[in-house]
Structure formats: C-alpha cells, structure tokens
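Taking it in order: structure first as structure tokens, then the write-up.
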Amino acid sequence: MRNLVILGAGTGGTVMASHLRKRLPRGEWAVTVVDRDNEHYYQPGFLFIPFGFLRKKDIVKPRSKFLPKETEFIQAEIDRIVPASNEVVLRDGRTVPYDYLIVATGAEIVPAETPGMLDGWGDTIFDFYTADGAEALAAKLKTFSGGTLVVHVNETPIKCPVAPLEFAFFCDACLRRHGKRDKVDIVYVTPLPGAFTKPVAAAALGALLEKKRIRMVADFNAERIDASARKIIGYDGREVPYDLLVTVPTNMGAEMIERSGMGDEFRFLPTDPRTLRSKKHENIFALGDATDVPASKAGSVVHFQSEILTENILRAIDGRPLEPAFDGHANCFIEMGRGKAILIDFNYETEPLPGRFPFRVFGPLPLLKPSRLNHWGKLAFRGIYWRLLLRGRRIPFVPSRMKMTGKKRPAAAPGA
C-alpha cells in the first residue's frame with residue numbers, strides 16, 4: 001500500500017483529499033489527512049462577525065464531516081517533515097510515512113512580529129482574521145463612541161488581500177446607517193503604493209475610498225506600535241495616531257515548516273508557481289496559503305490550484321512530466337456595505353479589468369463595479385463552499401484558468 005499524506009484539513013487539504021480519494025485506487029493508495037483540531041472555519045465569514053451579521057457558530061463545522069470516506073484523519077500537532085526519510089513526525093512522537101506529500105497548512109497571523117502590537121492587544125488593538133479576534137472586535141465596536149479608527153495592513157502577503165478594504169467599507173456603511181459617521185475618522189494604512197497591487201484596480205478602489213471619506217496612508221511600513229500613545233510609527237518616521245486600531249498583523253506559514261528547515265523568511269514553502277511542486281523535493285507538493293507562489297492567498301485560488309494540482313500529482317505518480325498549468329487565477333468579491341459588492345478576476349499576467357463575468361455582454365456579474373448581484377454572489381458562496389468546493393465538485397462557469405471573455409482592457413494613454 002502506498003501513502004498519500006496531506007498536512008492540513010482546511011480548504012486546500014480537504015479539497016485535495018476529495019479530488020484524490022476519487023482518483024487513486026483504494027486497494028493501492030491510502031490517503032491520510034493530519035490537522036491539530038477538528039474545527040473547519042469558513043474564513044470569509046470572519047469579516048461579517050464584527051458587524052453582527054454572523055456569529056462564530058455560523059461559520060464552523062467539523063473538519064471530519066467533509067473528508068471523504070476511506071480517508072484516515074489524524075488529529076494531532078505536526079512537529080516537522082523529514083524529507084530524507086519521507087515521513088512526518090507528530091508532536092506526540094508518532095511518525096506518518098508518505099510516498100507523496102501535500103502541504104496545505106495555511107497561514108496565520110503573528111502579531112508578535114511587530115514590536116508593541118501585543119501591548120494593546122484586546123484593548124485598543126484588534127484583528128478580524130481569527131474567529132476569537134472577530135468576536136472580540138464585535139464587542140469593542142459596540143462601545144466605540146468615536147475618534148480615529150485605523151484599518152492597518154502590517155505587511156504583505158496576507159490572506160484575502162481585499163479583506164482590509166472590505167472592513168473599511170463596512171465600517172463606513174454601518175456608521176452611516178447608525179448616524180455616527182461624522183464622529184469617526186476612518187484611515188486605511190497600507191504598505192502598498194495604493195489600494196491594490198495593480199493600477200486599474202488600485203485607481204478604482206482608491207476612488208471609492210476617497211468617495212467614502214476614508215483617508216489612505218500608502219507606502220507605510222510599520223517599525224513599531226506605541227500602544228500607550230496610540231500610534232503606529234513607520235520606518236520613515238511617519239506616525240499614524242489611532243483611538244481604535246484594527247490591524248492585519250504579519251502573516252506567516254505554519255511553525256512546523258520552519259522546524260522542518262523548508263520555509264522562507266515568512267515560513268512559506270518555496271513552490272513552483274506553475275506546477276505547485278516543491279522547488280526542492282520532487283514528491284512534495286503544496287497549495288494555498290502555505291506556498292510562496294505570487295498569487296493571492298484567497299479561497300478561490302485554492303479552488304483553482306486544486307484542479308491543476310490533482311492532475312500533476314497523478315502525472316508524477318505515473319512518471320509523466322508535470323503540466324505548468326496554474327496561471328495565478330484569482331477572483332474575489334469585495335463587499336462595499338449597503339448591499340453592494342465589487343468582483344475582480346485576474347491572474348499572474350492580467351490585472352483586474354472592467355467588464356462582465358463570466359459571460360460577455362450578459363454577465364451577469366459586473367467586474368470592478370459595485371452591484372447588488374455581486375453582493376448576493378458573495379453571500380451565496382458560503383453555501384457553495386460547504387456543498388460544492390470542499391467536496392471537490394466543479395463550480396459551473398468558473399474554470400481553473402482565467403478567461404479574457406467579457407473583460408475590457410483600458411485604452412492606452414496618449415503617447416504610450
């Protein structure tokens with residue numbers, strides 16, 4: 001019996017187990033999934049908790065419920081990977097041998113990476129990238145009477161790169177609904193030169209921030225936080241004062257990748273961006289937030305990667321060349337509040353563009369434009385996630401490789 005081992009039972013690990021258990025002969029292959037707990041969170045739901053739209057119990061289900069039959073689930077802490085002997089060592093001393101390994105251990109926030117951040121944690125500094133953090137922030141927002149609310153991205157890459165923007169837009173909408181917008185200054189602080197990494201989307205999203213009176217502080221890299229004085233201090237000497245700081249701390253990969261001696265400075269696994277194979281080990285593959293590939297760390301990316309990675313693992317098993325098929329495809333709904341959202345669709349080569357998705361002319365979803373249809377699309381995705389995506393089922397009309405259908409390239413500037 002040969003062994004396929006998957007580390008992590010989040011989105012990536014669960015989807016890969018669903019795909020490969022169907023494709024690998026049961027009499028020849030054992031599929032084992034390892035994770036430290038049995039709680040699977042629908043992470044896009046974290047954004048909705050601080051505003052009272054969802055509760056923690058609404059977005060968590062048992063991991064084991066979504067793993068296919070005839071898959072072994074080991075609930076244990078992972079200590080390290082030992083590529084030389086093709087085994088995974090657990091913290092309790094057990095070892096799990098593998099013929100092929102998939103690393104899907106995700107990313108986590110590490111507030112301790114920024115001096116001073118933990119000094120105000122849970123008092124004037126909060127996150128919404130964890131279920132507990134989102135619940136604590138919900139309680140804080142109920143008592144926040146006014147002042148400067150700073151939405152801060154510490155450094156990139158981060159999970160769901162548009163989530164901090166969504167939080168700022170939601171704040172604006174909720175404050176307006178309760179007649180308190182004039183009592184709160186909202187400031188968006190980012191290490192990027194604009195609201196997004198690419199110019200067309202950056203211009204569109206930056207214009208929306210300006211329209212909603214959300215001041216943006218760009219190219220800001222935090223050296224430390226002075227929690228007693230309530231200010232973020234940048235390496236260039238600039239300071240951003242706050243009364244309430246909603247931060248996205250440094251995101252890093254799992255500690256076990258560092259203990260295995262396999263990660264980069266952020267503990268992400270060096271991975272071929274097209275084939276999703278480890279750059280150092282031929283029988284190790286990775287997907288999702290655990291990798292260093294220059295695609296967005298978003299759920300849609302995991303979905304697109306999983307279809308390509310499934311085929312490449314089967315190719316590797318058969319001794320065939322891998323297909324460099326992953327193009328960095330990502331699409332994301334960006335909540336605007338007040339029942340509208342923006343949709344963006346892009347990949348390594350093509351930035352988010354205006355147009356219609358997924359069909360030319362008929363859409364029905366507009367790209368880079370606020371719409372109620374996009375908002376409903378985001379709400380509907382929670383059901384799609386549990387019922388289709390985790391089960392390894394295809395989502396209609398959303399291919400793993402990005403299509404240019406319906407997209408409009410902006411006209412070149414005169415003289416360009």
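Going by the structure tokens order, chains are called A, B, ..., each with residues numbered from 1, while ligands are numbered from 1 in the order shown.
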List every residue of segment 36-244 of chain A that DSSP, applied to the backbone, labels as helix (DSSP H, G or I), and write the result as a ChimeraX atom specification. /A:43-51,56-58,63-66,83-85,111-113,117-120,131-143,163-177,181-183,199-211
For segment 149-161 of chain A, find every residue with an atom within 8 Å (counting only C-alpha atoms), except residues of its own chain fewer than 3 positions away, and show them as a list in words. Ala107, Pro164, Phe167, Ala168, Val184, Asp185, Ile186, Val187, Tyr188, Val189, Thr190, Pro191, Asn221, Ala222, Tyr242, Asp243, Leu244, Leu245, Val246, Thr247, Val248, Pro249, Thr250, Asn251, Asp289, Ser296, Lys297, Ala298 and Gly299 of chain A
Contact residues around segment 343-348 of chain A with only C-alpha atoms at 7 Å, ignoring same-chain residues under 5 positions, as an MDAnalysis selection string: chainID A and resid 295 327:334 366:368 374 402
Please dump the current selection as a compact mmCIF listing (two decimals), in the first residue's frame; keep N, CA and C atoms.
```
# COMPACT_ATOMS: atom_id res chain seq x y z
N ALA A 295 0.61 34.37 -6.12
CA ALA A 295 -0.83 34.52 -6.34
C ALA A 295 -1.47 34.97 -5.03
N ASP A 327 -2.07 29.45 -13.63
CA ASP A 327 -1.78 30.79 -14.15
C ASP A 327 -1.97 31.90 -13.12
N GLY A 328 -2.12 31.52 -11.84
CA GLY A 328 -2.31 32.53 -10.81
C GLY A 328 -3.73 33.03 -10.70
N HIS A 329 -4.67 32.32 -11.30
CA HIS A 329 -6.07 32.78 -11.36
C HIS A 329 -6.65 33.00 -9.96
N ALA A 330 -7.27 34.16 -9.80
CA ALA A 330 -7.96 34.51 -8.56
C ALA A 330 -9.19 35.33 -8.91
N ASN A 331 -10.25 35.14 -8.17
CA ASN A 331 -11.34 36.11 -8.23
C ASN A 331 -11.89 36.32 -6.83
N CYS A 332 -12.30 37.54 -6.58
CA CYS A 332 -12.71 37.92 -5.23
C CYS A 332 -13.88 38.89 -5.28
N PHE A 333 -14.83 38.70 -4.39
CA PHE A 333 -15.88 39.68 -4.16
C PHE A 333 -15.39 40.65 -3.08
N ILE A 334 -15.55 41.92 -3.31
CA ILE A 334 -15.16 42.94 -2.34
C ILE A 334 -16.43 43.62 -1.83
N PRO A 366 -21.01 42.24 -12.97
CA PRO A 366 -20.09 43.27 -13.46
C PRO A 366 -18.74 43.18 -12.75
N LEU A 367 -17.68 43.49 -13.48
CA LEU A 367 -16.33 43.50 -12.92
C LEU A 367 -15.92 44.93 -12.58
N LEU A 368 -15.28 45.07 -11.44
CA LEU A 368 -14.75 46.37 -10.97
C LEU A 368 -15.84 47.43 -10.86
N ASN A 374 -23.35 41.24 -7.24
CA ASN A 374 -22.08 40.79 -6.67
C ASN A 374 -22.22 40.51 -5.18
N MET A 402 -7.88 31.39 -16.00
CA MET A 402 -8.65 32.61 -16.24
C MET A 402 -8.96 32.79 -17.73
```
Of the candidates A:Ala201, A:Val96, A:Ile81, A:Leu47, which one gets nearest to Asp127 of chain A if we count only C-alpha atoms? A:Leu47
What does the distance between atom CA of Gly146 of chain A and atom CA of Leu209 of chain A come to in Å, to one decimal place?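 Computing the Euclidean distance for atom CA of Gly146 of chain A and atom CA of Leu209 of chain A yields 19.3 Å.
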Take atom CA of Val31 of chain A and atom CA of Leu4 of chain A and report the distance between them in Å, one decimal. 4.9 Å
Find the residues around segment 55-62 of chain A up to 6 Å (only C-alpha atoms counted), leave out those fewer than 4 positions away in its own chain, and share them as a CSV table (one decimal) with N, CA and C atoms, in the first residue's frame.
```csv
chain,number,residue,atom,x,y,z
A,38,ASN,N,-10.4,19.7,15.0
A,38,ASN,CA,-11.5,19.2,14.2
A,38,ASN,C,-12.5,20.4,13.9
A,39,GLU,N,-11.9,21.6,13.8
A,39,GLU,CA,-12.8,22.8,13.6
A,39,GLU,C,-12.4,23.4,12.3
A,40,HIS,N,-13.4,23.3,11.3
A,40,HIS,CA,-13.2,23.9,10.0
A,40,HIS,C,-14.0,25.2,9.9
A,41,TYR,N,-13.3,26.3,9.8
A,41,TYR,CA,-13.9,27.6,9.7
A,41,TYR,C,-14.1,28.1,8.2
A,42,TYR,N,-15.2,28.7,7.9
A,42,TYR,CA,-15.4,29.4,6.7
A,42,TYR,C,-14.8,30.8,6.9
A,49,ILE,N,-18.5,39.0,11.2
A,49,ILE,CA,-18.8,38.9,12.7
A,49,ILE,C,-18.7,40.2,13.4
```
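The closest residue to Met262 of chain A, picked from A:Leu24, A:Leu90, A:Ala290, A:Ala229 and counting only C-alpha atoms, is A:Ala290.
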Using atom CA of Glu72 of chain A and atom CA of Ile6 of chain A as the two end points, give the distance in Å to one decimal.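 Result for atom CA of Glu72 of chain A versus atom CA of Ile6 of chain A: 10.2 Å, one decimal.
Note that DSSP on the backbone gives strand (DSSP E) to these residues of segment 234-331 of chain A: Gly234, Glu239, Val240, Pro241, Leu244, Leu245, Val246, Thr247, Val248, Asn251, Met252, Gly253, Ile284, Phe285, Ala286, Ala330 and Asn331 of chain A.
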Quick one: everything within 8 Å of Arg91 of chain A, counting only C-alpha atoms, minus sequence neighbours fewer than 5 positions away in the same chain. Send it as a list in words.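 These residues fall inside the cut-off: Ala76, Glu77, Ile78 and Asp79 of chain A.
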What would the file look like if the residues just selected were written as a compact mmCIF listing (two decimals), in the first residue's frame with N, CA and C atoms?
```txt
# COMPACT_ATOMS: atom_id res chain seq x y z
N ALA A 76 -3.76 15.65 15.37
CA ALA A 76 -2.53 15.76 16.14
C ALA A 76 -1.73 16.96 15.66
N GLU A 77 -0.88 17.49 16.53
CA GLU A 77 0.04 18.56 16.17
C GLU A 77 1.18 17.99 15.33
N ILE A 78 1.52 18.69 14.27
CA ILE A 78 2.64 18.27 13.41
C ILE A 78 3.92 18.92 13.93
N ASP A 79 4.92 18.12 14.15
CA ASP A 79 6.19 18.67 14.60
C ASP A 79 7.05 19.10 13.42
```
Selected residue, from A:Ala227, A:Val200, A:Met216, A:Val240, that lies nearest to Glu351 of chain A when counting only C-alpha atoms: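 Between A:Ala227, A:Val200, A:Met216, A:Val240, the residue approaching Glu351 of chain A most closely is A:Val200.
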